[in-house]
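Next comes entry.csv, with CSV, C-alpha atoms.
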chain,number,residue,atom,x,y,z
A,1,MET,CA,1.7,-15.5,169.8
A,2,THR,CA,2.1,-19.3,169.8
A,3,VAL,CA,4.8,-20.8,172.0
A,4,ARG,CA,6.5,-23.7,170.4
A,5,TYR,CA,7.6,-26.7,172.5
A,6,ASN,CA,10.2,-29.3,171.7
A,7,LYS,CA,9.5,-32.9,172.7
A,8,ARG,CA,13.1,-34.1,173.0
A,9,LYS,CA,13.7,-36.0,176.2
A,10,ASN,CA,17.0,-34.2,176.9
A,11,LEU,CA,15.4,-30.8,176.3
A,12,LYS,CA,16.1,-28.0,178.8
A,13,LYS,CA,13.3,-25.6,179.0
A,14,ILE,CA,14.3,-22.2,180.4
A,15,PHE,CA,11.9,-19.3,181.2
A,16,ILE,CA,14.0,-16.2,180.7
A,17,LEU,CA,12.8,-12.6,181.2
A,18,ALA,CA,14.5,-9.3,180.5
A,19,GLY,CA,12.7,-6.0,180.8
A,20,ASP,CA,14.7,-3.4,178.8
A,21,PRO,CA,17.1,-3.1,175.8
A,22,SER,CA,20.2,-3.4,178.0
A,23,GLY,CA,18.8,-6.6,179.5
A,24,ASP,CA,17.9,-7.9,176.1
A,25,ASN,CA,21.5,-7.4,175.0
A,26,HIS,CA,23.1,-9.2,178.0
A,27,ALA,CA,20.5,-12.0,178.1
A,28,SER,CA,21.0,-12.8,174.4
A,29,LYS,CA,24.7,-13.4,174.9
A,30,LEU,CA,24.0,-15.6,177.9
A,31,MET,CA,21.5,-17.5,175.8
A,32,TYR,CA,24.1,-18.1,173.1
A,33,GLU,CA,26.6,-19.5,175.7
A,34,ILE,CA,23.9,-21.7,177.2
A,35,ARG,CA,23.1,-23.1,173.8
A,36,GLN,CA,26.7,-24.1,173.4
A,37,LEU,CA,26.3,-26.3,176.5
A,38,TYR,CA,22.7,-27.5,175.9
A,39,PRO,CA,22.1,-27.7,172.1
A,40,TYR,CA,18.4,-28.7,172.7
A,41,VAL,CA,17.6,-25.9,175.1
A,42,GLN,CA,14.3,-24.0,174.6
A,43,PHE,CA,13.8,-20.5,175.8
A,44,ILE,CA,10.4,-19.0,176.5
A,45,GLY,CA,9.6,-15.8,178.3
A,46,ILE,CA,10.0,-12.1,177.5
A,47,GLY,CA,12.7,-10.3,175.6
A,48,GLY,CA,13.5,-8.2,172.6
A,49,ASP,CA,14.9,-8.8,169.1
A,50,LYS,CA,18.4,-10.0,170.2
A,51,MET,CA,17.0,-12.6,172.5
A,52,GLN,CA,14.5,-13.7,169.8
A,53,LYS,CA,17.5,-14.2,167.5
A,54,GLN,CA,18.8,-16.7,170.0
A,55,GLY,CA,15.6,-18.6,169.9
A,56,LEU,CA,13.4,-17.0,172.5
A,57,ASP,CA,9.6,-17.3,172.1
A,58,SER,CA,8.5,-14.0,173.7
A,59,ILE,CA,5.0,-13.9,175.1
A,60,VAL,CA,4.8,-10.1,174.8
A,61,PRO,CA,6.9,-7.5,172.9
A,62,LEU,CA,9.7,-6.0,175.0
A,63,ASN,CA,8.5,-2.4,174.6
A,64,GLU,CA,5.3,-3.4,176.3
A,65,ILE,CA,7.1,-3.8,179.7
A,66,SER,CA,10.0,-1.4,179.2
A,67,VAL,CA,8.8,1.5,181.4
A,68,THR,CA,10.5,3.4,184.2
A,69,GLY,CA,9.4,5.2,187.3
A,70,MET,CA,7.1,4.0,190.0
A,71,TRP,CA,4.2,6.2,189.0
A,72,GLU,CA,4.6,5.2,185.4
A,73,VAL,CA,4.4,1.5,186.3
A,74,ALA,CA,1.5,2.2,188.7
A,75,LYS,CA,-0.5,3.6,185.8
A,76,ARG,CA,-0.2,0.2,184.0
A,77,ILE,CA,-0.8,-1.9,187.1
A,78,LEU,CA,-3.6,-3.9,185.4
A,79,PHE,CA,-1.4,-4.8,182.5
A,80,PHE,CA,1.4,-6.0,184.7
A,81,ARG,CA,-0.9,-8.0,186.9
A,82,ASP,CA,-2.4,-9.8,183.9
A,83,LEU,CA,1.2,-10.4,182.6
A,84,LEU,CA,2.2,-11.9,186.0
A,85,ASN,CA,-0.8,-14.2,185.8
A,86,LYS,CA,0.1,-15.3,182.3
A,87,CYS,CA,3.7,-16.1,183.3
A,88,ARG,CA,2.4,-18.0,186.4
A,89,LYS,CA,0.2,-20.2,184.2
A,90,LEU,CA,3.1,-21.1,182.0
A,91,PHE,CA,5.0,-22.1,185.2
A,92,GLU,CA,2.0,-24.3,186.2
A,93,THR,CA,1.3,-25.9,182.9
A,94,GLU,CA,4.7,-26.4,181.3
A,95,LYS,CA,7.7,-28.4,182.5
A,96,ILE,CA,10.1,-25.5,183.2
A,97,ASP,CA,13.5,-26.6,184.2
A,98,LEU,CA,14.7,-23.1,185.3
A,99,PHE,CA,13.5,-19.6,185.7
A,100,LEU,CA,16.3,-17.2,184.6
A,101,PRO,CA,15.4,-13.6,185.4
A,102,VAL,CA,17.8,-10.9,184.0
A,103,ASP,CA,17.9,-7.6,186.0
A,104,TYR,CA,14.4,-5.9,186.0
A,105,PRO,CA,13.9,-6.7,189.7
A,106,GLY,CA,10.4,-5.2,190.3
A,107,PHE,CA,8.7,-7.8,188.1
A,108,ASN,CA,11.3,-10.6,188.2
A,109,LEU,CA,11.4,-10.9,192.0
A,110,LYS,CA,7.6,-11.3,192.2
A,111,LEU,CA,7.8,-14.0,189.5
A,112,ALA,CA,10.7,-15.7,191.3
A,113,GLU,CA,8.5,-16.1,194.4
A,114,ASP,CA,5.9,-18.0,192.3
A,115,ALA,CA,8.6,-20.1,190.6
A,116,LYS,CA,9.9,-21.2,194.0
A,117,LYS,CA,6.4,-22.1,195.2
A,118,LEU,CA,6.2,-24.5,192.2
A,119,ASN,CA,9.7,-25.9,192.9
A,120,ILE,CA,11.2,-24.3,189.8
A,121,PRO,CA,14.8,-23.3,190.5
A,122,VAL,CA,15.7,-19.7,190.1
A,123,ILE,CA,19.1,-18.4,188.9
A,124,TYR,CA,19.1,-14.6,188.8
A,125,TYR,CA,21.5,-13.0,186.2
A,126,ILE,CA,22.7,-9.4,186.8
A,127,ALA,CA,21.9,-9.1,190.5
A,128,PRO,CA,19.3,-6.5,191.5
A,129,GLN,CA,21.0,-3.4,192.8
A,130,LEU,CA,19.6,-3.8,196.3
A,131,TRP,CA,22.9,-2.5,197.8
A,132,ALA,CA,21.7,0.9,196.4
A,133,TRP,CA,18.0,1.0,197.0
A,134,GLY,CA,16.7,-1.9,198.9
A,135,LYS,CA,18.8,-3.4,201.7
A,136,ASN,CA,15.6,-4.1,203.6
A,137,ARG,CA,14.5,-6.4,200.8
A,138,VAL,CA,17.7,-8.4,200.5
A,139,LYS,CA,16.6,-11.1,202.9
A,140,LYS,CA,13.5,-11.8,200.7
A,141,ILE,CA,15.8,-12.9,197.9
A,142,SER,CA,17.3,-15.8,199.8
A,143,GLY,CA,13.9,-17.6,199.8
A,144,ARG,CA,13.3,-16.9,196.1
A,145,VAL,CA,16.7,-17.4,194.4
A,146,ASN,CA,18.9,-20.5,194.3
A,147,LEU,CA,21.8,-18.7,192.8
A,148,LEU,CA,22.6,-15.1,192.2
A,149,LEU,CA,25.0,-14.2,189.4
A,150,ALA,CA,26.6,-10.9,190.1
A,151,VAL,CA,28.3,-8.5,187.6
A,152,PHE,CA,30.1,-6.3,190.0
A,153,PRO,CA,32.9,-7.7,192.2
A,154,PHE,CA,31.7,-6.2,195.5
A,155,GLU,CA,28.2,-7.8,195.0
A,156,GLU,CA,29.3,-11.3,195.8
A,157,LYS,CA,30.3,-10.5,199.3
A,158,PHE,CA,27.4,-8.1,199.8
A,159,PHE,CA,24.8,-10.8,199.1
A,160,ARG,CA,26.8,-13.7,200.8
A,161,ASP,CA,26.7,-11.6,204.0
A,162,TYR,CA,22.9,-11.9,203.8
A,163,GLY,CA,23.2,-15.7,203.4
A,164,ILE,CA,22.5,-15.6,199.6
A,165,ASN,CA,24.3,-18.0,197.3
A,166,ALA,CA,26.0,-15.4,195.0
A,167,LYS,CA,28.8,-15.7,192.5
A,168,PHE,CA,30.7,-12.9,190.6
A,169,THR,CA,30.9,-13.9,186.9
A,170,GLY,CA,32.2,-10.7,185.4
A,171,HIS,CA,30.5,-7.8,183.7
A,172,PRO,CA,28.9,-8.5,180.3
A,173,LEU,CA,29.9,-5.1,178.9
A,174,LEU,CA,33.5,-6.3,178.7
A,175,ASP,CA,32.4,-9.0,176.2
A,176,ASP,CA,30.9,-6.3,173.9
A,177,GLU,CA,33.1,-6.1,170.8
A,178,GLU,CA,32.1,-2.5,170.5
A,179,ILE,CA,33.8,-1.6,173.8
A,180,PRO,CA,37.4,-0.8,172.9
A,181,VAL,CA,40.4,-2.1,174.9
A,182,ASP,CA,42.1,1.3,174.5
A,183,PHE,CA,40.0,4.4,173.9
A,184,LEU,CA,40.8,7.6,172.1
A,185,ASN,CA,42.3,10.6,174.0
A,186,TYR,CA,41.3,14.2,173.9
A,187,TYR,CA,43.0,15.1,170.7
A,188,GLU,CA,41.9,12.0,168.8
A,189,ARG,CA,38.2,12.6,169.4
A,190,GLU,CA,35.8,14.4,167.1
A,191,LYS,CA,34.3,17.8,168.0
A,192,ILE,CA,31.0,16.2,168.8
A,193,ILE,CA,28.7,16.8,171.8
A,194,SER,CA,26.5,13.7,172.1
A,195,PHE,CA,23.2,13.2,173.9
A,196,PHE,CA,22.0,9.9,175.4
A,197,PRO,CA,18.4,10.6,176.6
A,198,GLY,CA,17.5,6.9,177.3
A,199,SER,CA,16.4,3.8,175.5
A,200,ARG,CA,12.7,4.3,176.1
A,201,LEU,CA,10.4,6.6,174.3
A,202,GLN,CA,9.0,8.1,177.5
A,203,GLU,CA,12.5,9.0,178.6
A,204,ILE,CA,13.3,10.8,175.3
A,205,HIS,CA,10.1,12.8,175.5
A,206,ARG,CA,10.8,13.7,179.2
A,207,HIS,CA,14.4,14.7,178.6
A,208,LEU,CA,13.9,16.5,175.3
A,209,PRO,CA,13.2,20.0,176.8
A,210,LEU,CA,16.5,19.8,178.7
A,211,ILE,CA,18.5,18.6,175.8
A,212,SER,CA,17.0,21.2,173.4
A,213,ASP,CA,17.9,24.0,175.8
A,214,ILE,CA,21.5,22.7,176.2
A,215,TYR,CA,21.8,22.3,172.4
A,216,THR,CA,20.5,25.7,171.6
A,217,LYS,CA,22.9,27.4,174.0
A,218,LEU,CA,26.0,25.2,173.2
A,219,LYS,CA,25.5,25.7,169.5
A,220,VAL,CA,26.2,29.4,170.0
A,221,ILE,CA,29.1,28.8,172.5
A,222,LEU,CA,30.8,26.1,170.4
A,223,PRO,CA,30.2,27.0,166.7
A,224,GLY,CA,32.9,24.5,165.6
A,225,TYR,CA,31.1,21.5,167.2
A,226,ARG,CA,28.6,19.0,165.9
A,227,PHE,CA,25.7,17.6,168.0
A,228,ALA,CA,24.4,14.1,167.9
A,229,MET,CA,21.8,11.9,169.6
A,230,ALA,CA,22.1,8.2,170.1
A,231,LYS,CA,19.2,6.1,168.8
A,232,SER,CA,17.9,3.1,170.7
A,233,ASN,CA,17.5,-0.1,168.7
A,234,SER,CA,14.0,-0.6,170.1
A,235,ILE,CA,12.7,2.7,168.7
A,236,ASP,CA,11.9,3.4,165.1
A,237,ILE,CA,14.1,6.0,163.4
A,238,ASN,CA,11.0,7.9,162.2
A,239,LYS,CA,10.2,8.6,165.9
A,240,TYR,CA,13.5,10.3,166.3
A,241,LYS,CA,13.0,12.3,163.1
A,242,ASP,CA,9.7,13.5,164.3
A,243,ILE,CA,11.0,14.3,167.8
A,244,LEU,CA,13.9,16.3,166.4
A,245,LYS,CA,12.1,17.9,163.5
A,246,ASN,CA,12.8,21.3,165.0
A,247,TYR,CA,16.5,20.5,165.6
A,248,PRO,CA,17.7,19.5,162.1
A,249,ASP,CA,21.4,20.0,163.1
A,250,ILE,CA,21.2,17.2,165.7
A,251,GLU,CA,22.5,14.1,164.0
A,252,ILE,CA,20.9,10.7,164.8
A,253,TRP,CA,23.4,7.9,165.3
A,254,ASN,CA,22.3,4.3,165.1
A,255,ASP,CA,25.6,3.1,166.6
A,256,SER,CA,25.6,4.5,170.2
A,257,LYS,CA,28.9,2.8,171.1
A,258,LYS,CA,30.6,4.4,168.1
A,259,LEU,CA,29.2,7.7,169.2
A,260,MET,CA,30.7,7.2,172.6
A,261,ARG,CA,34.1,6.1,171.2
A,262,GLU,CA,34.4,9.2,169.0
A,263,SER,CA,32.6,12.1,170.8
A,264,LYS,CA,34.4,14.7,172.8
A,265,PHE,CA,31.8,15.0,175.5
A,266,GLY,CA,28.5,13.2,176.4
A,267,ILE,CA,25.4,14.3,178.2
A,268,ILE,CA,24.0,11.0,179.4
A,269,LYS,CA,20.9,9.7,181.3
A,270,THR,CA,21.7,7.7,184.4
A,271,GLY,CA,21.9,3.9,184.0
A,272,THR,CA,24.1,1.3,182.2
A,273,SER,CA,24.9,3.9,179.6
A,274,ASN,CA,27.1,5.6,182.2
A,275,LEU,CA,29.3,2.6,182.5
A,276,GLU,CA,29.3,2.1,178.7
A,277,ALA,CA,30.6,5.7,178.3
A,278,ALA,CA,33.3,5.2,180.9
A,279,LEU,CA,34.5,2.0,179.2
A,280,CYS,CA,34.5,3.9,175.9
A,281,GLY,CA,36.6,6.7,177.5
A,282,LEU,CA,33.9,9.4,177.0
A,283,PRO,CA,33.9,12.2,179.6
A,284,PHE,CA,30.3,13.1,180.4
A,285,SER,CA,27.7,14.7,182.7
A,286,MET,CA,25.0,12.4,184.1
A,287,PHE,CA,21.4,13.6,184.4
A,288,TYR,CA,18.0,12.3,185.0
A,289,LYS,CA,14.4,13.6,185.3
A,290,THR,CA,11.3,11.7,186.3
A,291,SER,CA,7.9,12.4,187.7
A,292,SER,CA,7.8,14.2,191.0
A,293,LEU,CA,6.1,11.3,192.7
A,294,SER,CA,8.6,8.7,191.4
A,295,TYR,CA,11.5,11.0,192.4
A,296,GLN,CA,10.3,11.5,196.0
A,297,ILE,CA,9.8,7.7,196.4
A,298,SER,CA,13.1,6.8,194.9
A,299,LYS,CA,14.9,9.5,197.0
A,300,ARG,CA,13.7,7.7,200.2
A,301,LEU,CA,14.8,4.3,199.0
A,302,ILE,CA,18.3,5.0,197.7
A,303,ASN,CA,21.0,4.2,200.3
A,304,LEU,CA,24.1,5.5,198.5
A,305,PRO,CA,25.5,9.0,198.1
A,306,TYR,CA,25.9,8.4,194.4
A,307,ILE,CA,23.6,7.4,191.5
A,308,SER,CA,25.9,7.0,188.6
A,309,LEU,CA,27.5,3.5,188.3
A,310,VAL,CA,30.8,5.3,187.6
A,311,ASN,CA,30.7,7.0,191.0
A,312,ILE,CA,29.4,4.0,192.8
A,313,LEU,CA,32.3,1.8,191.5
A,314,SER,CA,34.8,4.5,192.3
A,315,ASN,CA,33.3,5.3,195.7
A,316,LYS,CA,33.6,9.0,195.0
A,317,PHE,CA,32.3,11.7,192.7
A,318,VAL,CA,34.1,11.1,189.4
A,319,VAL,CA,31.3,12.5,187.1
A,320,HIS,CA,28.9,15.2,188.0
A,321,GLU,CA,25.3,14.1,188.7
A,322,TYR,CA,22.4,16.4,187.8
A,323,ILE,CA,19.1,15.0,189.1
A,324,GLN,CA,15.6,16.4,188.8
A,325,ASN,CA,15.7,20.2,189.6
A,326,ASP,CA,19.5,20.2,189.6
A,327,ALA,CA,19.4,19.1,186.0
A,328,THR,CA,19.5,22.6,184.5
A,329,PRO,CA,21.0,23.6,181.1
A,330,GLU,CA,23.4,26.1,182.8
A,331,SER,CA,24.9,23.6,185.2
A,332,ILE,CA,25.4,20.9,182.6
A,333,ILE,CA,26.8,23.3,180.0
A,334,GLN,CA,29.3,24.6,182.6
A,335,ASP,CA,30.5,21.0,183.3
A,336,CYS,CA,30.8,20.3,179.6
A,337,LEU,CA,32.9,23.5,179.0
A,338,ASP,CA,35.0,22.8,182.1
A,339,LYS,CA,36.1,19.5,180.6
A,340,ILE,CA,36.5,20.2,177.0
A,341,ASN,CA,38.5,23.4,177.7
A,342,ASN,CA,40.8,21.8,180.2
A,343,PHE,CA,43.0,19.0,178.9
A,344,GLU,CA,44.3,18.0,182.3
A,345,LYS,CA,40.8,17.6,183.8
A,346,TYR,CA,39.8,15.6,180.7
A,347,ASP,CA,42.9,13.4,181.0
A,348,ASP,CA,42.3,12.8,184.7
A,349,LEU,CA,38.7,11.8,184.0
A,350,GLN,CA,39.8,9.3,181.4
A,351,ASN,CA,42.4,7.8,183.9
A,352,GLU,CA,39.5,7.3,186.3
A,353,PHE,CA,37.7,5.3,183.6
A,354,ILE,CA,40.8,3.1,183.1
A,355,ASN,CA,40.7,2.2,186.8
A,356,ILE,CA,37.0,1.3,186.5
A,357,ARG,CA,37.7,-1.1,183.8
A,358,LYS,CA,40.3,-2.8,186.0
A,359,LEU,CA,37.7,-3.1,188.8
A,360,LEU,CA,35.4,-5.1,186.5
A,361,GLY,CA,37.8,-8.0,186.0
A,362,GLU,CA,38.3,-10.0,182.7
A,363,LYS,CA,36.1,-10.8,179.7
A,364,GLY,CA,33.9,-13.9,179.6
A,365,ALA,CA,31.0,-12.9,181.8
A,366,ALA,CA,28.3,-14.7,179.7
A,367,LYS,CA,30.4,-17.9,179.4
A,368,ASN,CA,31.2,-17.9,183.1
A,369,ALA,CA,27.5,-17.4,183.9
A,370,ALA,CA,26.5,-20.2,181.5
A,371,MET,CA,28.9,-22.6,183.2
A,372,GLU,CA,27.5,-21.7,186.7
A,373,ILE,CA,24.1,-22.5,185.3
A,374,LYS,CA,25.2,-25.8,183.9
A,375,ASN,CA,27.0,-26.8,187.1
A,376,PHE,CA,23.9,-25.9,189.1
A,377,LEU,CA,21.5,-28.0,186.9
A,378,GLU,CA,23.9,-31.0,186.9
A,379,ASN,CA,24.2,-30.9,190.7
A,380,GLN,CA,20.5,-30.7,191.0
A,381,VAL,CA,20.1,-33.8,188.9
A,382,MET,CA,22.6,-35.6,191.0
A,383,GLU,CA,20.8,-34.6,194.2
A,384,ASN,CA,17.5,-35.8,192.8
A,385,LYS,CA,19.0,-39.2,191.9
A,386,LEU,CA,20.4,-39.5,195.5
A,387,CYS,CA,17.0,-38.7,196.9
Just give me the structure of the file as structure tokens.
Amino acid sequence: MTVRYNKRKNLKKIFILAGDPSGDNHASKLMYEIRQLYPYVQFIGIGGDKMQKQGLDSIVPLNEISVTGMWEVAKRILFFRDLLNKCRKLFETEKIDLFLPVDYPGFNLKLAEDAKKLNIPVIYYIAPQLWAWGKNRVKKISGRVNLLLAVFPFEEKFFRDYGINAKFTGHPLLDDEEIPVDFLNYYEREKIISFFPGSRLQEIHRHLPLISDIYTKLKVILPGYRFAMAKSNSIDINKYKDILKNYPDIEIWNDSKKLMRESKFGIIKTGTSNLEAALCGLPFSMFYKTSSLSYQISKRLINLPYISLVNILSNKFVVHEYIQNDATPESIIQDCLDKINNFEKYDDLQNEFINIRKLLGEKGAAKNAAMEIKNFLENQVMENKLC
């Protein structure tokens, strides 16, 4: 594609990079708020449809880099190496005012190092979760990032303790209009068991055998229930129809938040979707399967007793986690039945979700982050004038 450049003297040129649909969503809202402060801002980098609607010139399609698992990434090492070089050349040849990485730490932290070498300031939005899997890498950030914008309240202190300039700006999910202020209780919800296998095609294919087994068994146990799967915006509907052709009773929902708001119980892949479900009041089981190699490597890196964001924020097991060999149809089905057949347990779980929402603070994350970016850029201009 051809990158378009604006010749206005007061133009702010920002290189922004998000690596998955969740990052695309959060980054697009931040871009909108930045545009309110800098009408002539230009965004180049990598992102999806939502970021492109906010004016991004994306140098590659988002689905080209949206892969998970260390082994899966390793198989495409040449592609990612070439992409890093392509980004570096843009840093070298264009007058970039700011590199704005959004989550996606494996790639973004490498690129942040190159940006700093070229004296391009780096403001990282949605801090890498190094408190979970990479404390030994935290110190490396301080030399690569000028400002770290955190979305969890405990992150600010964590990173500041390592000498990193960090600021808690709020969690962007609270700005999502599809996240309800008050969610439906047990009796108000539909008799729907919902599946959230992931936002990437590789995740759906990997998790389908588990989901199909759960569906086949639950369909017999719960004849009065419907079953539904959430569709990722980044994947064509025909892909889902093809994947589920042998399971015609599984509904495909385009609106994943609506499905979370109305379902009785969810079976959800680990990740941001766990937090989304909690904020929508949906009791769920968390699961995840990956390649054996990726699992063994990740297991050695993770520093916490929990994987789900819900449990991490609560600092205790609120939802059950079923990972790799522990993710069996029998165990997940038992957890599902245990919740939907026991109103008190269901209600207790929803009360835990209310507490999580309180932990995340107030709305306005994207606006707060945009103001922090503006203040940083203006202070930088003042410092340059004094020099």
Near range 261-265 of chain A, 6 Å: range 174-207 of chain A residue rows, closest pairs, all atoms listed in the file, as JSON lines:
{"residue": "A:Arg189", "atom": "CA", "partner": "A:Glu262", "partner_atom": "CA", "distance": 5.1}
{"residue": "A:Glu190", "atom": "CA", "partner": "A:Ser263", "partner_atom": "CA", "distance": 5.4}
{"residue": "A:Lys191", "atom": "CA", "partner": "A:Lys264", "partner_atom": "CA", "distance": 5.7}
{"residue": "A:Ile192", "atom": "CA", "partner": "A:Ser263", "partner_atom": "CA", "distance": 4.8}
{"residue": "A:Ile193", "atom": "CA", "partner": "A:Phe265", "partner_atom": "CA", "distance": 5.2}
**Message:** Using Å and a single decimal, report how far CA of Leu148 in chain A sits from CA of Ser314 in chain A.
**Reply:** 23.1 Å
**Request:** Could you check which of A:Phe159, A:Arg226, A:Leu244, A:Ser234 is closest to His205 in chain A, using all atoms listed in the file?
**Result:**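 When distances to His205 in chain A are compared using all atoms listed in the file, the smallest one comes from A:Leu244.
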Mind dumping a table of every range 108-207 of chain A residue within 6 Å of range 267-273 of chain A, with the nearest atom pair and its distance in Å to one decimal, using all atoms listed in the file, sorted by chain and rising number, as a Markdown table?
| residue | atom | partner | partner_atom | distance |
| --- | --- | --- | --- | --- |
| A:Phe195 | CA | A:Ile267 | CA | 5.0 |
| A:Phe196 | CA | A:Ile268 | CA | 4.6 |
| A:Pro197 | CA | A:Lys269 | CA | 5.4 |
| A:Gly198 | CA | A:Lys269 | CA | 5.9 |
**Asked** CA of Arg206 in chain A to CA of Thr290 in chain A: how many Å, to one decimal?
**Response**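 Separation between CA of Arg206 in chain A and CA of Thr290 in chain A: 7.4 Å.
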**Message:** Can you measure CA of Ala112 in chain A to CA of Ile126 in chain A for me? One decimal in Å is fine.
**Reply:** 14.3 Å
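With all atoms listed in the file as the atoms that count, the minimum distance from Asp20 in chain A to the choices A:Phe91, A:Phe107, A:Phe43, A:Phe99 is reached by A:Phe107.
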May I have the residues within 10 Å of Leu109 in chain A as a PDB file with C-alpha atoms, keeping the file's coordinate frame, using all atoms listed in the file and disregarding those fewer than 2 positions away in the same chain?
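File selection_29.pdb, as written:
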ATOM      1  CA  PRO A 101      15.400 -13.600 185.400  1.00  0.00           C
ATOM      2  CA  ASP A 103      17.900  -7.600 186.000  1.00  0.00           C
ATOM      3  CA  TYR A 104      14.400  -5.900 186.000  1.00  0.00           C
ATOM      4  CA  PRO A 105      13.900  -6.700 189.700  1.00  0.00           C
ATOM      5  CA  GLY A 106      10.400  -5.200 190.300  1.00  0.00           C
ATOM      6  CA  PHE A 107       8.700  -7.800 188.100  1.00  0.00           C
ATOM      7  CA  LEU A 111       7.800 -14.000 189.500  1.00  0.00           C
ATOM      8  CA  ALA A 112      10.700 -15.700 191.300  1.00  0.00           C
ATOM      9  CA  GLU A 113       8.500 -16.100 194.400  1.00  0.00           C
ATOM     10  CA  ASP A 114       5.900 -18.000 192.300  1.00  0.00           C
ATOM     11  CA  ALA A 115       8.600 -20.100 190.600  1.00  0.00           C
ATOM     12  CA  VAL A 122      15.700 -19.700 190.100  1.00  0.00           C
ATOM     13  CA  TYR A 124      19.100 -14.600 188.800  1.00  0.00           C
ATOM     14  CA  PRO A 128      19.300  -6.500 191.500  1.00  0.00           C
ATOM     15  CA  LYS A 140      13.500 -11.800 200.700  1.00  0.00           C
ATOM     16  CA  ILE A 141      15.800 -12.900 197.900  1.00  0.00           C
ATOM     17  CA  ARG A 144      13.300 -16.900 196.100  1.00  0.00           C
ATOM     18  CA  VAL A 145      16.700 -17.400 194.400  1.00  0.00           C
TER      19      VAL A 145
END
At a cut-off of 10 Å from (9.1, -1.7, 173.7) in the coordinates of the file, what residues are picked up using only C-alpha atoms, written as a PDB file with C-alpha atoms, keeping the file's coordinate frame?
ATOM      1  CA  GLY A  19      12.700  -6.000 180.800  1.00  0.00           C
ATOM      2  CA  ASP A  20      14.700  -3.400 178.800  1.00  0.00           C
ATOM      3  CA  PRO A  21      17.100  -3.100 175.800  1.00  0.00           C
ATOM      4  CA  GLY A  47      12.700 -10.300 175.600  1.00  0.00           C
ATOM      5  CA  GLY A  48      13.500  -8.200 172.600  1.00  0.00           C
ATOM      6  CA  VAL A  60       4.800 -10.100 174.800  1.00  0.00           C
ATOM      7  CA  PRO A  61       6.900  -7.500 172.900  1.00  0.00           C
ATOM      8  CA  LEU A  62       9.700  -6.000 175.000  1.00  0.00           C
ATOM      9  CA  ASN A  63       8.500  -2.400 174.600  1.00  0.00           C
ATOM     10  CA  GLU A  64       5.300  -3.400 176.300  1.00  0.00           C
ATOM     11  CA  ILE A  65       7.100  -3.800 179.700  1.00  0.00           C
ATOM     12  CA  SER A  66      10.000  -1.400 179.200  1.00  0.00           C
ATOM     13  CA  VAL A  67       8.800   1.500 181.400  1.00  0.00           C
ATOM     14  CA  SER A 199      16.400   3.800 175.500  1.00  0.00           C
ATOM     15  CA  ARG A 200      12.700   4.300 176.100  1.00  0.00           C
ATOM     16  CA  LEU A 201      10.400   6.600 174.300  1.00  0.00           C
ATOM     17  CA  ASN A 233      17.500  -0.100 168.700  1.00  0.00           C
ATOM     18  CA  SER A 234      14.000  -0.600 170.100  1.00  0.00           C
ATOM     19  CA  ILE A 235      12.700   2.700 168.700  1.00  0.00           C
TER      20      ILE A 235
END
Mind rebuilding range 270-280 of chain A with N, CA and C atoms and writing that out as a PDB file, in the coordinates of the input?
ATOM      1  N   THR A 270      21.196   8.649 183.488  1.00  0.00           N
ATOM      2  CA  THR A 270      21.700   7.700 184.400  1.00  0.00           C
ATOM      3  C   THR A 270      21.376   6.240 183.962  1.00  0.00           C
ATOM      4  N   GLY A 271      22.180   5.260 184.365  1.00  0.00           N
ATOM      5  CA  GLY A 271      21.900   3.900 184.000  1.00  0.00           C
ATOM      6  C   GLY A 271      23.162   3.191 183.454  1.00  0.00           C
ATOM      7  N   THR A 272      22.953   2.066 182.774  1.00  0.00           N
ATOM      8  CA  THR A 272      24.100   1.300 182.200  1.00  0.00           C
ATOM      9  C   THR A 272      24.876   2.116 181.219  1.00  0.00           C
ATOM     10  N   SER A 273      24.227   3.067 180.547  1.00  0.00           N
ATOM     11  CA  SER A 273      24.900   3.900 179.600  1.00  0.00           C
ATOM     12  C   SER A 273      26.082   4.675 180.199  1.00  0.00           C
ATOM     13  N   ASN A 274      25.984   4.959 181.503  1.00  0.00           N
ATOM     14  CA  ASN A 274      27.100   5.600 182.200  1.00  0.00           C
ATOM     15  C   ASN A 274      28.340   4.761 182.186  1.00  0.00           C
ATOM     16  N   LEU A 275      28.152   3.491 182.479  1.00  0.00           N
ATOM     17  CA  LEU A 275      29.300   2.600 182.500  1.00  0.00           C
ATOM     18  C   LEU A 275      29.811   2.334 181.088  1.00  0.00           C
ATOM     19  N   GLU A 276      28.922   2.245 180.121  1.00  0.00           N
ATOM     20  CA  GLU A 276      29.300   2.100 178.700  1.00  0.00           C
ATOM     21  C   GLU A 276      30.212   3.279 178.297  1.00  0.00           C
ATOM     22  N   ALA A 277      29.792   4.475 178.668  1.00  0.00           N
ATOM     23  CA  ALA A 277      30.600   5.700 178.300  1.00  0.00           C
ATOM     24  C   ALA A 277      31.942   5.653 178.930  1.00  0.00           C
ATOM     25  N   ALA A 278      32.001   5.267 180.208  1.00  0.00           N
ATOM     26  CA  ALA A 278      33.300   5.200 180.900  1.00  0.00           C
ATOM     27  C   ALA A 278      34.226   4.204 180.202  1.00  0.00           C
ATOM     28  N   LEU A 279      33.700   3.051 179.819  1.00  0.00           N
ATOM     29  CA  LEU A 279      34.500   2.000 179.200  1.00  0.00           C
ATOM     30  C   LEU A 279      34.923   2.440 177.756  1.00  0.00           C
ATOM     31  N   CYS A 280      34.162   3.360 177.170  1.00  0.00           N
ATOM     32  CA  CYS A 280      34.500   3.900 175.900  1.00  0.00           C
ATOM     33  C   CYS A 280      35.411   5.157 175.996  1.00  0.00           C
TER      34      CYS A 280
END
